[in-house]
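Enquirer: The structure is given below, and queries will be raised subsequently.
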Amino acid sequence: MKVLAIIGSPKGKGNSYNVTKQVEEKMKDIDDVTFEYLFLKDADLQMCRGCFACVIKGENFCPIKDERAEIEEKMLKSDGIIFVSPCYCQNVSALMKNFIDRFSYVFHRPRFFNQKAMVLATTGGAGLKETLDYLSKLEVWGFGPVVQLGAICPPWPASEGLKIKNNKKTAGSAEEFYKKLKGKKLPSPRFNQYMHFRFMKMSSEMKEYLPADNEFYKDKKDFFYPVKINPFKKWFASFMIKFALFMMKDMGPAEAK
Ligand SMILES: Cc1cc2nc3c(=O)[nH]c(=O)nc-3n(C[C@H](O)[C@H](O)[C@H](O)COP(=O)(O)O)c2cc1C
């Protein structure tokens with residue numbers, strides 16, 4: 001079982017790395033798991049230039065030639081991925097944000113269905129929930145529900161109580177992640193994943209505006225991968241979409257004159 005930990009701290013081996021190492025140790029106590037670390041501070045992953053070509057035309061049209069595609073390959077070859085970030089000003093670090101921006105096409109065209117994810121954040125005291133909530137949005141990249149782990153690492157020696165608390169959380173999340181990795185592959189999607197599929201497929205019908213999405217979704221029927229969808233879930237999703245379309249009625253393209 002192979003786990004890739006993507007470290008978003010500019011310090012590299014700081015608090016967030018140390019907590020990830022503890023996750024590694026706990027998982028290795030359970031089973032034979034291999035860990036690989038990708039330090040974003042050392043990766044050749046340049047800043048997103050905002051052209052939106054990856055989303056609209058396709059990721060191969062990204063004008064930046066760096067390690068982005070190799071990193072995606074690495075992720076696809078792993079069984080589990082841990083997205084690790086310190087909390088900076090109530091959210092992820094700039095390195096982690098840029099990493100997510102560079103993969104923004106994956107929100108449109110998910111692909112990590114054979115992988116499970118954990119999101120891990122550390123903070124001096126505040127902003128853990130905001131950081132973990134943001135990182136958890138990566139579930140729509142295909143992972144499904146992610147395991148969350150947040151640890152408080154204050155800028156002074158941690159009390160015994162905090163050490164025990166962090167240790168307990170780390171052990172619990174490591175076990176939960178291990179169980180997820182051993183769990184069912186390609187499960188039936190949860191409602192929000194299914195809604196994500198329905199919305200993306202619907203918007204991909206605007207071929208002239210979203211050609212890469214159109215190509216990606218044109219042969220997909222019920223979900224990203226073949227799986228039976230409960231008819232009630234389908235009906236309820238259609239109802240919710242009608243409601244959302246009404247609420248978002250000004251968001252579509254202007255009528256051609
Ligand atoms: C630029 C910057 C912003 C930070 N913002 C916050 C914050 O909003 N809330 C907080 O509790 N800690 C904050 N911290 C503290 C870090 O979240 C904390 O020390 C974290 O464990 C660092 O992880 P690292 O050693 O892996 O980089 C900040 C630290 C830096 C350098």
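Order determines the names: the first chain of the structure tokens is A, the second B, and so forth; residues in each chain are numbered 1 upward, and ligands are numbered 1 upward as they are shown.
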Within region 62-246 of chain A, find each residue whose DSSP state, derived from the backbone, is strand (DSSP E), and express the selection as a PyMOL selection string.

Expert: chain A and resi 80-86+116-123+147-152

Enquirer: Let me have all residues with an atom within 7 Å of ligand 1, counting only C-alpha atoms and all ligand atoms, laid out as an mmCIF file with C-alpha atoms, in the first residue's frame.

Expert:
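So result-v4.cif came out as:
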```
data_model
loop_
_atom_site.group_PDB
_atom_site.id
_atom_site.type_symbol
_atom_site.label_atom_id
_atom_site.label_comp_id
_atom_site.auth_asym_id
_atom_site.auth_seq_id
_atom_site.Cartn_x
_atom_site.Cartn_y
_atom_site.Cartn_z
ATOM 1 C CA SER A 9 4.860 24.011 4.367
ATOM 2 C CA PRO A 10 7.591 26.344 3.090
ATOM 3 C CA LYS A 11 9.644 25.088 6.039
ATOM 4 C CA GLY A 12 9.531 21.542 4.666
ATOM 5 C CA LYS A 13 10.255 19.494 7.776
ATOM 6 C CA GLY A 14 8.274 21.590 10.281
ATOM 7 C CA ASN A 15 5.315 20.801 12.527
ATOM 8 C CA SER A 16 3.066 19.546 9.716
ATOM 9 C CA TYR A 17 5.738 17.151 8.466
ATOM 10 C CA SER A 85 -0.667 22.240 5.087
ATOM 11 C CA PRO A 86 0.101 24.542 7.971
ATOM 12 C CA CYS A 87 -2.664 27.036 8.706
ATOM 13 C CA TYR A 88 -1.560 30.453 7.458
ATOM 14 C CA CYS A 89 -3.859 33.352 8.256
ATOM 15 C CA GLN A 90 -6.853 31.025 8.681
ATOM 16 C CA ASN A 91 -6.300 28.956 5.536
ATOM 17 C CA THR A 122 -1.413 22.152 11.876
ATOM 18 C CA THR A 123 -1.925 25.501 13.519
ATOM 19 C CA GLY A 124 -0.585 27.602 16.335
ATOM 20 C CA GLY A 125 -4.065 27.728 17.823
ATOM 21 C CA ALA A 126 -6.747 29.026 15.441
ATOM 22 C CA GLY A 127 -7.995 28.417 11.915
ATOM 23 C CA ILE A 152 -2.431 22.271 17.422
ATOM 24 C CA CYS A 153 1.283 23.067 17.565
ATOM 25 C CA PRO A 154 1.700 26.249 19.610
ATOM 26 C CA PRO A 155 4.857 28.376 19.372
#
```

Enquirer: Report as a tab-separated table the residues of region 95-167 of chain A within 12 Å of region 187-196 of chain A, each with its shortest atom pair and distance in Å (one decimal), using only C-alpha atoms, ordered by chain and increasing residue number.

Expert:
```
residue	atom	partner	partner_atom	distance
A:Phe107	CA	A:His196	CA	9.1
A:His108	CA	A:His196	CA	9.0
A:Arg109	CA	A:His196	CA	10.4
A:Pro110	CA	A:His196	CA	10.0
A:Phe113	CA	A:Pro187	CA	9.1
A:Asn114	CA	A:Pro187	CA	10.0
A:Gln115	CA	A:Pro187	CA	11.6
A:Lys116	CA	A:Pro187	CA	11.5
A:Lys137	CA	A:Gln193	CA	10.6
A:Leu138	CA	A:Gln193	CA	11.0
A:Glu139	CA	A:Gln193	CA	8.1
A:Val140	CA	A:Gln193	CA	6.3
A:Trp141	CA	A:Gln193	CA	9.5
A:Gly142	CA	A:Gln193	CA	8.3
A:Phe143	CA	A:Gln193	CA	9.7
A:Gly144	CA	A:Gln193	CA	7.2
A:Pro145	CA	A:Arg190	CA	8.4
```

Enquirer: Measuring between only C-alpha atoms, which one of A:Met75, A:Ala174, A:Met206, A:Leu120 shows the shortest distance to Gly252 (chain A)?

Expert: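 Distance minimum relative to Gly252 (chain A) lands on A:Met206.
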
Enquirer: Excluding same-chain residues fewer than 5 positions from Lys2 (chain A), what lies within 6 Å of it counting only C-alpha atoms, as a ChimeraX atom specification?

Expert: /A:33-34,78-79

Enquirer: Output the selection as a compact mmCIF listing (two decimals), in the first residue's frame - all heavy atoms for each residue.

Expert:
```
# COMPACT_ATOMS: atom_id res chain seq x y z
N VAL A 33 2.98 -0.40 4.98
CA VAL A 33 2.58 0.76 4.16
C VAL A 33 3.85 1.52 3.78
O VAL A 33 4.70 1.75 4.64
CB VAL A 33 1.64 1.70 4.98
CG1 VAL A 33 1.13 2.84 4.11
CG2 VAL A 33 0.47 0.93 5.58
N THR A 34 3.96 1.89 2.50
CA THR A 34 5.13 2.71 2.13
C THR A 34 4.72 4.16 1.99
O THR A 34 3.63 4.46 1.49
CB THR A 34 5.76 2.28 0.78
OG1 THR A 34 4.75 1.80 -0.05
CG2 THR A 34 6.86 1.30 0.92
N SER A 78 -0.46 6.22 -6.59
CA SER A 78 -0.53 5.96 -5.15
C SER A 78 -1.90 5.39 -4.79
O SER A 78 -2.87 5.56 -5.53
CB SER A 78 -0.35 7.27 -4.38
OG SER A 78 0.81 7.92 -4.80
N ASP A 79 -1.95 4.74 -3.63
CA ASP A 79 -3.25 4.26 -3.14
C ASP A 79 -3.90 5.33 -2.27
O ASP A 79 -5.12 5.43 -2.20
CB ASP A 79 -3.07 2.98 -2.30
CG ASP A 79 -2.40 1.89 -3.11
OD1 ASP A 79 -3.00 1.47 -4.12
OD2 ASP A 79 -1.27 1.49 -2.77
```

Enquirer: Counting only C-alpha atoms, what is within 9 Å of region 162-168 of chain A, bar same-chain residues fewer than 5 positions away, as a ChimeraX atom specification?

Expert: /A:19,22,150-153,173

Enquirer: My list of candidates is A:Ala121, A:Asp250, A:Lys182, A:Ile56. Which is closest to Asn18 (chain A) when distances are computed with only C-alpha atoms?

Expert: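 Among the listed residues, A:Ala121 lies closest to Asn18 (chain A).
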
Enquirer: CA of Phe177 (chain A) to CA of Asn230 (chain A): how many Å, to one decimal?

Expert: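 If I compute the distance from CA of Phe177 (chain A) to CA of Asn230 (chain A), I get 26.6 Å.
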
Enquirer: Of the residues A:Val84, A:Met47, A:Leu186, A:Ala254, which is the one nearest to Leu149 (chain A), using only C-alpha atoms?

Expert: A:Val84

Enquirer: Do you know which residues are at most 10 Å from Glu72 (chain A) counting only C-alpha atoms, after dropping those on the same chain fewer than 4 positions away, and could you put them as a list in words?

Expert: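 Near Glu72 (chain A), the qualifying residues are Glu67, Arg68, Leu76, Lys77, Phe103, Arg111 and Phe112 of chain A.
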
Enquirer: Create the file for the chosen residues now, containing N, CA, C and O atoms and written as a CSV table (one decimal), in the first residue's frame.

Expert:
```csv
chain,number,residue,atom,x,y,z
A,67,GLU,N,6.7,20.4,-13.5
A,67,GLU,CA,6.5,19.1,-13.0
A,67,GLU,C,5.0,18.7,-12.7
A,67,GLU,O,4.7,17.7,-12.2
A,68,ARG,N,4.1,19.6,-13.2
A,68,ARG,CA,2.7,19.3,-12.8
A,68,ARG,C,2.2,18.0,-13.3
A,68,ARG,O,1.6,17.2,-12.5
A,76,LEU,N,-1.6,9.4,-9.2
A,76,LEU,CA,-2.4,8.3,-9.8
A,76,LEU,C,-1.8,7.0,-9.4
A,76,LEU,O,-2.5,6.0,-9.4
A,77,LYS,N,-0.5,6.9,-9.2
A,77,LYS,CA,0.2,5.7,-8.9
A,77,LYS,C,0.1,5.3,-7.4
A,77,LYS,O,0.6,4.3,-7.0
A,103,PHE,N,-4.1,22.4,-10.2
A,103,PHE,CA,-4.9,21.2,-10.5
A,103,PHE,C,-6.4,21.5,-10.6
A,103,PHE,O,-7.2,20.7,-10.4
A,111,ARG,N,-10.5,12.5,-11.3
A,111,ARG,CA,-9.8,11.3,-11.8
A,111,ARG,C,-9.3,10.4,-10.7
A,111,ARG,O,-8.8,9.3,-11.0
A,112,PHE,N,-9.3,10.8,-9.5
A,112,PHE,CA,-8.6,10.0,-8.4
A,112,PHE,C,-9.7,9.1,-7.7
A,112,PHE,O,-9.9,9.2,-6.5
```

Enquirer: For the helix (DSSP H, G or I) assignment from backbone DSSP, which residues of region 9-253 of chain A qualify? Please present them as a PyMOL selection string.

Expert: chain A and resi 15-30+53-56+59-61+68-76+94-102+105-108+128-141+160-182+191-203+211-217+231-247

Enquirer: At a cut-off of 6 Å, using only C-alpha atoms, what residues contact Ala5 (chain A)? Leave out same-chain residues fewer than 4 positions from it and give the result as a PyMOL selection string.

Expert: chain A and resi 37+81-82

Enquirer: Suppose we keep C-alpha atoms; can you now write the selection as a PDB file, in the first residue's frame?

Expert:
```pdb
ATOM      1  CA  TYR A  37       7.076  12.645   0.626  1.00  0.00           C
ATOM      2  CA  ILE A  81      -2.648  10.791  -0.696  1.00  0.00           C
ATOM      3  CA  ILE A  82      -2.203  13.031   2.334  1.00  0.00           C
TER       4      ILE A  82
END
```

Enquirer: What's the separation between CA of Gly8 (chain A) and CA of Asp101 (chain A), in Å to one decimal place?

Expert: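 These two atoms are separated by 13.1 Å.
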
Enquirer: Find the distance between CA of Ser238 (chain A) and CA of Ser203 (chain A) and write it in Å to one decimal.

Expert: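 These atoms are spaced 14.1 Å apart.
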
Enquirer: So, with only C-alpha atoms as the atoms that count, which of A:Ile64, A:Ile7, A:Ala212, A:Met247 lies closest to Lys21 (chain A)?

Expert: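 Smallest distance to Lys21 (chain A) is found for A:Ile7.
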
Enquirer: Closest to Ala171 (chain A) among A:Met202, A:Ile30, A:Val146, A:Ile241, using only C-alpha atoms?

Expert: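 Among the listed residues, A:Ile30 lies closest to Ala171 (chain A).
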
Enquirer: Calculated over only C-alpha atoms, which of the candidates A:Glu59, A:Ile6, A:Cys54, A:Ile71 has the smallest distance to Leu95 (chain A)?

Expert: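 When distances to Leu95 (chain A) are compared using only C-alpha atoms, the smallest one comes from A:Ile6.
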